[in-house]
$ cat work.txt   # compact mmCIF, C-alpha atoms and all ligand atoms
# COMPACT_ATOMS: atom_id res chain seq x y z
CA MET A 1493 -15.36 -0.58 5.58
CA THR A 1494 -18.93 -0.61 6.80
CA SER A 1495 -21.29 -3.50 6.92
CA ASN A 1496 -23.69 -4.89 9.53
CA ASN A 1497 -21.14 -6.71 11.63
CA VAL A 1498 -17.96 -4.66 11.04
CA VAL A 1499 -17.10 -1.81 13.41
CA GLU A 1500 -15.58 1.37 11.89
CA ASP A 1501 -12.37 2.84 13.38
CA ILE A 1502 -11.16 6.46 13.38
CA LEU A 1503 -7.57 7.76 13.60
CA GLU A 1504 -6.65 11.43 14.02
CA VAL A 1505 -3.23 12.82 13.02
CA ASP A 1506 -1.06 14.32 15.80
CA PRO A 1507 -0.80 18.04 14.86
CA ALA A 1508 2.59 18.24 16.60
CA LEU A 1509 4.00 15.91 13.97
CA LEU A 1510 2.71 17.81 10.97
CA LEU A 1511 5.42 18.96 8.66
CA PRO A 1512 6.49 22.56 8.64
CA GLU A 1513 10.13 21.53 8.98
CA ASP A 1514 12.67 20.85 6.28
CA ASP A 1515 13.22 17.28 7.34
CA ASP A 1516 10.66 14.60 6.77
CA ASP A 1517 12.05 11.66 8.72
CA TYR A 1518 11.00 10.44 12.18
CA HIS A 1519 14.67 9.88 13.07
CA SER A 1520 15.10 13.60 13.63
CA ILE A 1521 12.54 13.61 16.41
CA GLY A 1522 13.87 10.63 18.26
CA TYR A 1523 12.20 7.55 16.82
CA ALA A 1524 14.99 5.06 16.17
CA THR A 1525 14.00 2.13 13.96
CA THR A 1526 16.41 -0.76 14.28
CA THR A 1527 15.46 -4.35 15.19
CA GLU A 1528 18.73 -6.17 14.41
CA SER A 1529 19.31 -8.45 16.19
CA LEU A 1530 12.04 -33.99 16.64
CA THR A 1531 13.37 -35.43 13.99
CA GLU A 1532 16.22 -34.07 12.05
CA SER A 1533 14.25 -33.77 8.78
CA ILE A 1534 11.82 -31.23 10.22
CA PHE A 1535 14.78 -28.88 10.54
CA GLU A 1536 15.24 -28.70 6.76
CA TYR A 1537 15.74 -25.17 5.44
CA ILE A 1538 16.62 -23.35 2.28
CA PHE A 1539 18.56 -20.08 2.20
CA GLU A 1540 17.29 -17.54 -0.31
CA ASN A 1541 18.14 -13.85 -0.69
CA GLY A 1542 20.04 -13.96 2.59
CA ARG A 1543 17.10 -15.33 4.62
CA ARG A 1544 16.31 -18.80 5.96
CA TYR A 1545 13.03 -20.45 4.87
CA HIS A 1546 11.66 -23.67 6.27
CA SER A 1547 11.34 -26.38 3.60
CA TYR A 1548 10.27 -29.68 5.20
CA PHE A 1549 6.67 -29.29 3.97
CA GLY A 1550 7.75 -27.73 0.65
CA VAL A 1551 9.11 -24.24 0.01
CA ASP A 1552 5.82 -22.86 -1.31
CA LYS A 1553 3.90 -23.59 1.88
CA ASN A 1554 5.10 -20.54 3.73
CA LEU A 1555 6.38 -17.56 1.79
CA MET A 1556 7.94 -15.96 4.86
CA PRO A 1557 11.33 -16.68 6.42
CA THR A 1558 11.52 -18.35 9.82
CA ASP A 1559 15.03 -17.27 10.84
CA GLU A 1560 15.94 -15.44 14.07
CA LYS A 1561 15.42 -12.04 12.47
CA GLU A 1562 11.87 -13.05 11.52
CA GLN A 1563 11.25 -14.51 14.97
CA ASP A 1564 12.13 -11.13 16.52
CA ARG A 1565 9.77 -9.44 14.08
CA LEU A 1566 6.94 -11.86 14.88
CA ASP A 1567 7.31 -11.17 18.60
CA LEU A 1568 7.25 -7.42 17.95
CA HIS A 1569 4.19 -7.80 15.73
CA HIS A 1570 2.51 -9.81 18.49
CA GLU A 1571 2.95 -6.86 20.86
CA ILE A 1572 1.51 -4.52 18.22
CA MET A 1573 -1.54 -6.70 17.59
CA ILE A 1574 -2.25 -7.14 21.30
CA GLN A 1575 -2.02 -3.35 21.74
CA LEU A 1576 -4.40 -2.91 18.79
CA LEU A 1577 -6.90 -5.00 20.78
CA ASN A 1578 -6.22 -2.86 23.89
CA GLY A 1579 -4.33 -5.64 25.67
CA LYS A 1580 -6.75 -8.45 24.84
CA TYR A 1581 -5.45 -11.76 23.50
CA HIS A 1582 -8.74 -12.67 21.87
CA LEU A 1583 -12.21 -11.21 21.42
CA ALA A 1584 -14.30 -14.40 21.34
CA PRO A 1585 -16.35 -14.67 24.57
CA VAL A 1586 -14.94 -18.00 25.73
CA GLY A 1587 -15.65 -17.37 29.45
CA ASP A 1588 -13.15 -17.55 32.33
CA ASN A 1589 -12.40 -21.22 32.22
CA PRO A 1590 -11.66 -22.59 28.74
CA GLN A 1591 -10.23 -26.13 28.88
CA ARG A 1592 -8.54 -26.57 25.52
CA ILE A 1593 -7.13 -23.95 23.18
CA LEU A 1594 -5.43 -24.41 19.80
CA ASP A 1595 -3.28 -21.87 17.94
CA ILE A 1596 -2.55 -22.93 14.36
CA GLY A 1597 0.48 -21.46 12.57
CA THR A 1598 1.72 -20.37 15.99
CA GLY A 1599 5.08 -18.97 14.75
CA THR A 1600 7.28 -18.32 17.79
CA GLY A 1601 4.39 -19.50 19.98
CA ILE A 1602 4.19 -16.19 21.77
CA TRP A 1603 0.37 -15.97 21.63
CA ALA A 1604 0.03 -19.58 22.83
CA ILE A 1605 2.42 -18.95 25.72
CA ASP A 1606 0.64 -15.77 26.77
CA ILE A 1607 -2.79 -17.41 26.59
CA ALA A 1608 -1.49 -20.34 28.66
CA TYR A 1609 -0.53 -17.82 31.38
CA GLN A 1610 -3.91 -16.11 31.07
CA TYR A 1611 -5.83 -19.40 31.46
CA PRO A 1612 -3.75 -21.66 33.74
CA SER A 1613 -6.49 -24.31 33.73
CA ALA A 1614 -6.45 -24.62 29.95
CA GLU A 1615 -4.33 -27.00 27.94
CA VAL A 1616 -2.89 -24.91 25.10
CA THR A 1617 -1.48 -26.43 21.90
CA GLY A 1618 0.38 -24.44 19.24
CA THR A 1619 1.08 -26.00 15.83
CA ASP A 1620 3.37 -24.84 13.04
CA LEU A 1621 5.23 -26.13 10.01
CA SER A 1622 8.40 -24.91 11.62
CA PRO A 1623 9.81 -25.99 15.03
CA ILE A 1624 10.91 -22.50 16.07
CA GLN A 1625 9.08 -22.32 19.41
CA PRO A 1626 10.99 -22.06 22.69
CA LYS A 1627 11.53 -25.13 24.89
CA TRP A 1628 10.88 -23.40 28.22
CA VAL A 1629 7.15 -22.75 28.25
CA PRO A 1630 4.34 -22.81 30.84
CA PRO A 1631 3.44 -26.40 31.85
CA ASN A 1632 0.00 -26.09 30.25
CA CYS A 1633 1.43 -25.16 26.82
CA LYS A 1634 2.88 -27.47 24.20
CA PHE A 1635 3.90 -27.23 20.56
CA GLU A 1636 3.58 -29.66 17.66
CA VAL A 1637 4.93 -29.60 14.12
CA ASP A 1638 1.88 -29.89 11.90
CA ASP A 1639 0.54 -28.72 8.57
CA ALA A 1640 -2.88 -27.14 9.13
CA GLU A 1641 -3.80 -27.90 5.53
CA GLN A 1642 -3.48 -31.65 6.03
CA PRO A 1643 -6.32 -33.64 7.66
CA TRP A 1644 -6.31 -32.85 11.40
CA THR A 1645 -5.57 -35.61 13.89
CA PHE A 1646 -7.19 -33.82 16.85
CA ARG A 1647 -10.38 -35.42 18.13
CA PRO A 1648 -13.65 -33.83 16.98
CA ASP A 1649 -15.42 -31.42 19.38
CA THR A 1650 -12.24 -30.76 21.38
CA PHE A 1651 -11.35 -27.06 21.57
CA ASP A 1652 -13.07 -24.16 23.34
CA LEU A 1653 -11.06 -21.75 21.21
CA ILE A 1654 -9.16 -22.18 17.94
CA HIS A 1655 -7.04 -19.19 16.99
CA SER A 1656 -5.41 -18.35 13.67
CA ARG A 1657 -3.46 -15.11 13.17
CA ASN A 1658 -1.72 -13.84 10.04
CA LEU A 1659 -1.90 -17.05 8.08
CA ASN A 1660 -3.64 -15.60 5.05
CA GLN A 1661 -0.49 -15.53 2.93
CA ALA A 1662 0.23 -19.17 3.77
CA ILE A 1663 -3.03 -21.05 3.23
CA ALA A 1664 -4.02 -22.23 -0.25
CA SER A 1665 -7.45 -23.60 0.66
CA TRP A 1666 -9.30 -21.88 3.51
CA PRO A 1667 -12.51 -23.93 3.13
CA SER A 1668 -10.55 -27.07 3.96
CA VAL A 1669 -8.84 -25.48 7.02
CA MET A 1670 -12.16 -23.99 8.19
CA SER A 1671 -13.81 -27.39 7.89
CA SER A 1672 -11.11 -28.93 10.14
CA MET A 1673 -11.58 -26.07 12.59
CA TYR A 1674 -15.34 -26.66 12.65
CA THR A 1675 -14.93 -30.38 13.28
CA CYS A 1676 -12.42 -29.94 16.11
CA CYS A 1677 -14.14 -26.99 17.81
CA LYS A 1678 -16.44 -27.93 20.72
CA PRO A 1679 -20.14 -27.21 20.21
CA GLY A 1680 -20.49 -23.78 21.86
CA GLY A 1681 -16.76 -23.12 21.33
CA TYR A 1682 -15.24 -20.39 19.15
CA VAL A 1683 -12.91 -19.93 16.22
CA GLU A 1684 -11.12 -16.57 15.95
CA LEU A 1685 -9.36 -15.40 12.77
CA ALA A 1686 -7.11 -12.33 12.71
CA GLU A 1687 -5.36 -10.85 9.69
CA LEU A 1688 -3.43 -7.69 8.84
CA GLU A 1689 -4.68 -6.44 5.50
CA CYS A 1690 -1.92 -5.91 2.93
CA ARG A 1691 -3.21 -2.58 1.65
CA ALA A 1692 -2.18 0.97 2.49
CA TYR A 1693 -4.67 3.75 3.22
CA SER A 1694 -4.58 7.37 4.33
CA ASP A 1695 -7.55 9.51 5.34
CA ASP A 1696 -5.95 12.86 4.48
CA ASN A 1697 -4.60 12.08 0.99
CA THR A 1698 -1.00 12.06 2.21
CA LEU A 1699 -0.47 8.67 0.58
CA ALA A 1700 0.67 9.82 -2.87
CA PRO A 1701 0.02 7.55 -5.87
CA ASP A 1702 3.80 7.11 -6.24
CA ASP A 1703 4.46 6.46 -2.54
CA LYS A 1704 6.99 3.63 -2.21
CA PHE A 1705 5.18 1.93 0.64
CA GLY A 1706 1.91 2.09 -1.28
CA HIS A 1707 3.75 0.61 -4.27
CA PHE A 1708 5.10 -2.21 -2.09
CA MET A 1709 1.62 -3.01 -0.75
CA ASN A 1710 0.15 -2.98 -4.27
CA LEU A 1711 2.80 -5.41 -5.50
CA LEU A 1712 2.22 -7.64 -2.49
CA CYS A 1713 -1.50 -7.64 -3.21
CA GLU A 1714 -0.81 -8.45 -6.85
CA ALA A 1715 1.49 -11.36 -5.97
CA MET A 1716 -0.86 -12.85 -3.40
CA THR A 1717 -3.85 -12.52 -5.71
CA LYS A 1718 -1.88 -14.21 -8.48
CA LEU A 1719 -1.09 -17.01 -6.05
CA GLY A 1720 -4.79 -17.39 -5.19
CA ARG A 1721 -4.34 -16.01 -1.66
CA PRO A 1722 -5.83 -12.51 -1.93
CA HIS A 1723 -5.68 -10.19 1.10
CA ALA A 1724 -8.28 -10.74 3.81
CA SER A 1725 -10.92 -8.12 4.50
CA ALA A 1726 -13.21 -8.31 7.53
CA GLU A 1727 -15.99 -9.36 5.18
CA ALA A 1728 -13.84 -12.20 3.83
CA LEU A 1729 -13.16 -13.45 7.38
CA VAL A 1730 -16.86 -13.26 8.25
CA GLN A 1731 -17.68 -15.19 5.09
CA ARG A 1732 -15.06 -17.83 5.89
CA LEU A 1733 -16.63 -18.42 9.29
CA GLU A 1734 -20.24 -18.36 8.13
CA GLU A 1735 -19.63 -20.70 5.19
CA ALA A 1736 -17.97 -23.17 7.57
CA GLY A 1737 -21.13 -23.21 9.72
CA PHE A 1738 -20.20 -20.86 12.57
CA VAL A 1739 -22.93 -18.60 13.96
CA ASP A 1740 -23.04 -15.31 15.91
CA VAL A 1741 -20.15 -14.15 13.76
CA GLN A 1742 -18.69 -10.75 14.71
CA ALA A 1743 -15.80 -8.75 13.24
CA ILE A 1744 -13.90 -5.61 14.05
CA SER A 1745 -11.40 -3.73 11.90
CA VAL A 1746 -8.80 -1.60 13.68
CA LYS A 1747 -6.52 0.85 11.92
CA GLN A 1748 -2.85 -0.03 12.33
CA PRO A 1749 -0.84 3.16 11.78
CA PHE A 1750 2.55 2.90 10.06
CA GLY A 1751 4.56 5.55 11.92
CA PRO A 1752 3.99 7.52 15.13
CA TRP A 1753 1.76 10.08 13.42
CA PRO A 1754 -1.51 9.56 15.35
CA LYS A 1755 -2.44 12.12 17.98
CA ASP A 1756 -3.72 9.49 20.38
CA ALA A 1757 -0.81 8.34 22.60
CA HIS A 1758 -1.76 4.67 22.49
CA ARG A 1759 -1.99 4.59 18.68
CA LYS A 1760 1.19 6.69 18.44
CA ARG A 1761 3.08 3.96 20.31
CA ILE A 1762 1.59 1.30 18.04
CA GLY A 1763 2.61 3.35 15.00
CA ALA A 1764 6.18 3.71 16.31
CA LEU A 1765 6.44 -0.05 16.92
CA THR A 1766 5.01 -0.74 13.46
CA MET A 1767 7.54 1.57 11.85
CA MET A 1768 10.27 -0.34 13.68
CA MET A 1769 8.78 -3.65 12.53
CA CYS A 1770 8.90 -2.51 8.90
CA GLU A 1771 12.71 -2.46 9.06
CA SER A 1772 12.69 -6.23 8.54
CA GLY A 1773 8.97 -6.73 7.87
CA CYS A 1774 8.88 -5.36 4.33
CA GLU A 1775 11.66 -7.73 3.31
CA ALA A 1776 10.06 -10.67 5.18
CA TYR A 1777 6.69 -10.15 3.51
CA GLY A 1778 7.96 -9.09 0.09
CA MET A 1779 11.02 -11.00 -1.06
CA ALA A 1780 9.56 -14.44 -1.76
CA PRO A 1781 6.30 -13.22 -3.38
CA PHE A 1782 8.16 -10.67 -5.51
CA THR A 1783 10.88 -13.04 -6.74
CA ARG A 1784 9.02 -16.36 -6.82
CA VAL A 1785 5.56 -15.18 -7.88
CA LEU A 1786 6.12 -11.92 -9.78
CA GLY A 1787 9.47 -13.05 -11.22
CA MET A 1788 11.36 -9.93 -10.12
CA GLU A 1789 15.16 -10.02 -9.92
CA LYS A 1790 16.51 -10.26 -6.38
CA GLU A 1791 18.08 -6.78 -6.55
CA GLU A 1792 14.88 -5.16 -7.81
CA ALA A 1793 12.75 -6.88 -5.15
CA ALA A 1794 15.22 -5.89 -2.40
CA LYS A 1795 15.09 -2.28 -3.60
CA VAL A 1796 11.27 -2.22 -3.46
CA CYS A 1797 11.32 -3.62 0.10
CA LYS A 1798 14.06 -1.22 1.26
CA GLU A 1799 12.35 1.82 -0.23
CA ALA A 1800 9.03 0.78 1.34
CA ALA A 1801 10.60 0.64 4.82
CA GLU A 1802 12.17 4.06 4.19
CA ALA A 1803 8.86 5.51 3.01
CA VAL A 1804 7.19 4.49 6.28
CA ARG A 1805 9.64 6.84 8.04
CA ASN A 1806 8.34 9.78 6.07
CA ARG A 1807 6.60 12.11 8.51
CA GLY A 1808 4.47 13.58 5.77
CA THR A 1809 2.50 10.42 5.03
CA HIS A 1810 -0.17 9.26 7.46
CA VAL A 1811 -0.54 5.69 6.31
CA TYR A 1812 -2.39 2.86 7.97
CA SER A 1813 -3.64 -0.58 7.18
CA TYR A 1814 -6.42 -2.60 8.79
CA TYR A 1815 -6.10 -5.32 11.38
CA HIS A 1816 -9.22 -7.46 11.08
CA VAL A 1817 -10.44 -9.85 13.77
CA ALA A 1818 -13.49 -12.06 13.33
CA TYR A 1819 -14.88 -14.82 15.49
CA GLY A 1820 -17.80 -17.21 15.35
CA ARG A 1821 -19.40 -19.86 17.55
CA LYS A 1822 -19.98 -23.49 16.66
CA PRO A 1823 -23.66 -24.18 17.32
CA GLU A 1824 -24.63 -26.55 20.15
CA ASP A 1825 -26.00 -29.89 18.96
CA SER A 1826 -29.48 -28.79 20.10
CA GLU A 1827 -29.28 -25.71 17.82
CA ALA A 1828 -28.39 -27.77 14.79
C1 LIG A 1901 3.19 -14.69 9.69
S1 LIG A 1901 3.54 -16.02 10.75
C2 LIG A 1901 2.33 -15.76 12.04
C3 LIG A 1901 2.72 -16.47 13.34
C4 LIG A 1901 1.70 -16.33 14.48
N1 LIG A 1901 0.40 -16.81 14.11
C5 LIG A 1901 1.59 -14.91 14.97
O1 LIG A 1901 0.62 -14.25 14.69
O2 LIG A 1901 2.53 -14.48 15.66
C6 LIG A 1901 2.87 -17.40 9.89
C7 LIG A 1901 3.23 -18.74 10.54
O3 LIG A 1901 2.38 -19.74 9.99
C8 LIG A 1901 3.13 -20.90 9.78
N2 LIG A 1901 2.43 -21.67 8.74
C9 LIG A 1901 2.33 -21.36 7.44
N3 LIG A 1901 1.60 -22.29 6.79
C10 LIG A 1901 1.23 -23.21 7.72
C11 LIG A 1901 0.50 -24.42 7.66
N4 LIG A 1901 -0.01 -24.87 6.52
N5 LIG A 1901 0.30 -25.11 8.82
C12 LIG A 1901 0.85 -24.67 9.97
N6 LIG A 1901 1.55 -23.52 10.08
C13 LIG A 1901 1.76 -22.80 8.97
C14 LIG A 1901 4.49 -20.40 9.37
O4 LIG A 1901 5.49 -21.38 9.55
C15 LIG A 1901 4.65 -19.18 10.29
O5 LIG A 1901 5.27 -19.54 11.49
$ encode --input "work.txt" --output "structure tokens"
Amino acid sequence: MTSNNVVEDILEVDPALLLPEDDDDYHSIGYATTTESLTESIFEYIFENGRRYHSYFGVDKNLMPTDEKEQDRLDLHHEIMIQLLNGKYHLAPVGDNPQRILDIGTGTGIWAIDIAYQYPSAEVTGTDLSPIQPKWVPPNCKFEVDDAEQPWTFRPDTFDLIHSRNLNQAIASWPSVMSSMYTCCKPGGYVELAELECRAYSDDNTLAPDDKFGHFMNLLCEAMTKLGRPHASAEALVQRLEEAGFVDVQAISVKQPFGPWPKDAHRKRIGALTMMMCESGCEAYGMAPFTRVLGMEKEEAAKVCKEAAEAVRNRGTHVYSYYHVAYGRKPEDSEA
């Protein structure tokens, strides 16, 4: 994980949660893990494996459901990712007074809404294939249904910040999206890309080769690679930005713990929230790639997802993945 512009991250295991006991589940020590809870044609959906997928732009566009259960998960994941950045909504140094901000693939719009509160003078636009954003939003925030892979209709040189988070599994051609971002970013403005890597790691060898969560992540990697959308490393994000023409590119990679095993209280909370998110997250990430891309039967795919979520609750495994954030600046005309 080291290269010139990638910062290394360290996570220590909480010794109080090491395993002398006969139980190996976080439930026993109090961590509950339940998260239950235009025009007419843009509301077209398909129902598959008990989940609702948006279909107006084609079912293969987005391999993740967009139903209420997924919307709750996205909002929980937002909280996790903001905590991973120590409360920051972005890392690009856009100054105190950005005028126009774009969030592509905005999901529930929660990042766009929060950033609109943070910068009341900015006009914030969130776009998504799916019209799942709330109606009551700050006056400087609006949402549009749009496919980021189609030619953009925004004027060139418009945005001070363009943000894209967790879209890796959805985009077939990044060079084309990056080119649209470059065109529509203001000279001197920034593009920020953030992605959770779909790979499991442990620093203390507690991730066994037959671990069910590790197995789930490997299958997800396999499916996404087969689909031509391999997981994003920090280096891949840096490359995406540099090849598009952005300069001063920086990246950080933060460890996202799966479970409240870290010693550090802040990371412990993140790990607990992540464990909770896995209750529906494994299914949300896994079902469509496993059944549609790997050709698994529904029952088999559901079992892999369920066992992965259960494995995350195992106190004996200290698993994490990486959350990568990279940003780059569009050169001023004078620099070109
Ligand atoms: C995993 S969610 C991430 C949502 C949001 N960025 C966040 O971090 O909370 C991916 C979102 O991207 C949207 N999406 C997928 N492909 C897209 C495309 N080609 N253009 C616009 N949005 C897209 C999906 O509908 C979904 O809401």
$ residues_near_point --input "work.txt" --point "(5.6, -22.5, 30.2)" --cutoff "8 Å" --atoms "only C-alpha atoms" --output "VMD selection string"
chain A and resid 1605 1608 to 1609 1628 to 1633
$ closest_atom_pairs --input "work.txt" --of "chain A" --to "ligand LIG 1901 (chain A)" --cutoff "8 Å" --atoms "only C-alpha atoms and all ligand atoms" --output "CSV"
residue,atom,partner,partner_atom,distance
A:His1546,CA,A:LIG1901,O4,7.4
A:Lys1553,CA,A:LIG1901,N3,5.6
A:Asn1554,CA,A:LIG1901,C9,4.7
A:Leu1555,CA,A:LIG1901,C9,7.9
A:Met1556,CA,A:LIG1901,C1,6.9
A:Thr1558,CA,A:LIG1901,O5,6.6
A:Leu1566,CA,A:LIG1901,O2,5.2
A:Asp1567,CA,A:LIG1901,O2,6.5
A:His1569,CA,A:LIG1901,O2,6.9
A:His1570,CA,A:LIG1901,O2,5.5
A:Asp1595,CA,A:LIG1901,N1,7.3
A:Ile1596,CA,A:LIG1901,C12,5.8
A:Gly1597,CA,A:LIG1901,N6,3.4
A:Thr1598,CA,A:LIG1901,N1,4.2
A:Gly1599,CA,A:LIG1901,O5,3.3
A:Thr1600,CA,A:LIG1901,O2,6.5
A:Gly1601,CA,A:LIG1901,O2,6.9
A:Ile1602,CA,A:LIG1901,O2,6.6
A:Trp1603,CA,A:LIG1901,O2,6.5
A:Thr1619,CA,A:LIG1901,C12,6.0
A:Asp1620,CA,A:LIG1901,N6,3.7
A:Leu1621,CA,A:LIG1901,N6,4.5
A:Ser1622,CA,A:LIG1901,O4,5.0
A:Ile1624,CA,A:LIG1901,O5,7.8
A:Val1637,CA,A:LIG1901,C12,7.6
A:Asp1638,CA,A:LIG1901,C12,5.7
A:Asp1639,CA,A:LIG1901,N5,3.6
A:Ala1640,CA,A:LIG1901,N5,3.8
A:Glu1641,CA,A:LIG1901,N4,5.0
A:Gln1642,CA,A:LIG1901,N4,7.6
A:Ser1656,CA,A:LIG1901,N1,6.0
A:Arg1657,CA,A:LIG1901,N1,4.3
A:Asn1658,CA,A:LIG1901,C2,4.9
A:Leu1659,CA,A:LIG1901,C6,5.1
A:Gln1661,CA,A:LIG1901,C1,7.7
A:Ala1662,CA,A:LIG1901,N3,4.6
A:Ile1663,CA,A:LIG1901,N4,5.9
$ atom_distance --input "work.txt" --atom1 "atom CA of Ala1692 of chain A" --atom2 "atom CA of Ile1574 of chain A"
20.5 Å
$ atom_distance --input "work.txt" --atom1 "atom CA of Ser1694 of chain A" --atom2 "atom CA of Lys1798 of chain A"
20.8 Å
$ closest_residue --input "work.txt" --among "A:Leu1577, A:Thr1645, A:Thr1650, A:His1582" --to "Glu1615 of chain A" --atoms "only C-alpha atoms"
A:Thr1650
$ residues_around --input "work.txt" --residues "Arg1565 of chain A" --least-positions-apart "4" --cutoff "10 Å" --atoms "only C-alpha atoms" --output "number ranges by chain"
A: 1527-1529, 1559-1561, 1569-1571, 1600, 1766, 1768-1773, 1776
$ write_last_selection --input "work.txt" --atoms "C-alpha atoms" --output "short mmCIF file (atom, residue, chain, number, x, y, z; two decimals), in the coordinates of the input"
data_model
loop_
_atom_site.label_atom_id
_atom_site.label_comp_id
_atom_site.auth_asym_id
_atom_site.auth_seq_id
_atom_site.Cartn_x
_atom_site.Cartn_y
_atom_site.Cartn_z
CA THR A 1527 15.46 -4.35 15.19
CA GLU A 1528 18.73 -6.17 14.41
CA SER A 1529 19.31 -8.45 16.19
CA ASP A 1559 15.03 -17.27 10.84
CA GLU A 1560 15.94 -15.44 14.07
CA LYS A 1561 15.42 -12.04 12.47
CA HIS A 1569 4.19 -7.80 15.73
CA HIS A 1570 2.51 -9.81 18.49
CA GLU A 1571 2.95 -6.86 20.86
CA THR A 1600 7.28 -18.32 17.79
CA THR A 1766 5.01 -0.74 13.46
CA MET A 1768 10.27 -0.34 13.68
CA MET A 1769 8.78 -3.65 12.53
CA CYS A 1770 8.90 -2.51 8.90
CA GLU A 1771 12.71 -2.46 9.06
CA SER A 1772 12.69 -6.23 8.54
CA GLY A 1773 8.97 -6.73 7.87
CA ALA A 1776 10.06 -10.67 5.18
#
$ atom_distance --input "work.txt" --atom1 "atom CA of Pro1667 of chain A" --atom2 "atom CA of Glu1734 of chain A"
10.8 Å
$ closest_residue --input "work.txt" --among "A:Ala1686, A:Glu1504, A:Phe1782, A:Asn1589" --to "Glu1714 of chain A" --atoms "only C-alpha atoms"
A:Phe1782
$ residues_near_point --input "work.txt" --point "(11.6, 4.0, 3.7)" --cutoff "10 Å" --atoms "only C-alpha atoms" --output "PyMOL selection string"
chain A and resi 1517+1703-1705+1767+1770-1771+1774+1796-1806
$ residues_around --input "work.txt" --residues "segment 1724-1729 of chain A" --least-positions-apart "5" --cutoff "9 Å" --atoms "all atoms listed in the file" --output "ChimeraX atom specification"
/A:1493,1495,1497-1498,1660,1685-1690,1734,1743-1745,1814-1819
$ residues_around --input "work.txt" --residues "Leu1719 of chain A" --least-positions-apart "2" --cutoff "9 Å" --atoms "all atoms listed in the file" --output "number ranges by chain"
A: 1664, 1714-1717, 1721-1722, 1781, 1785
$ residues_around --input "work.txt" --residues "segment 1672-1683 of chain A" --least-positions-apart "4" --cutoff "6 Å" --atoms "all atoms listed in the file" --output "number ranges by chain"
A: 1648-1655, 1819-1824
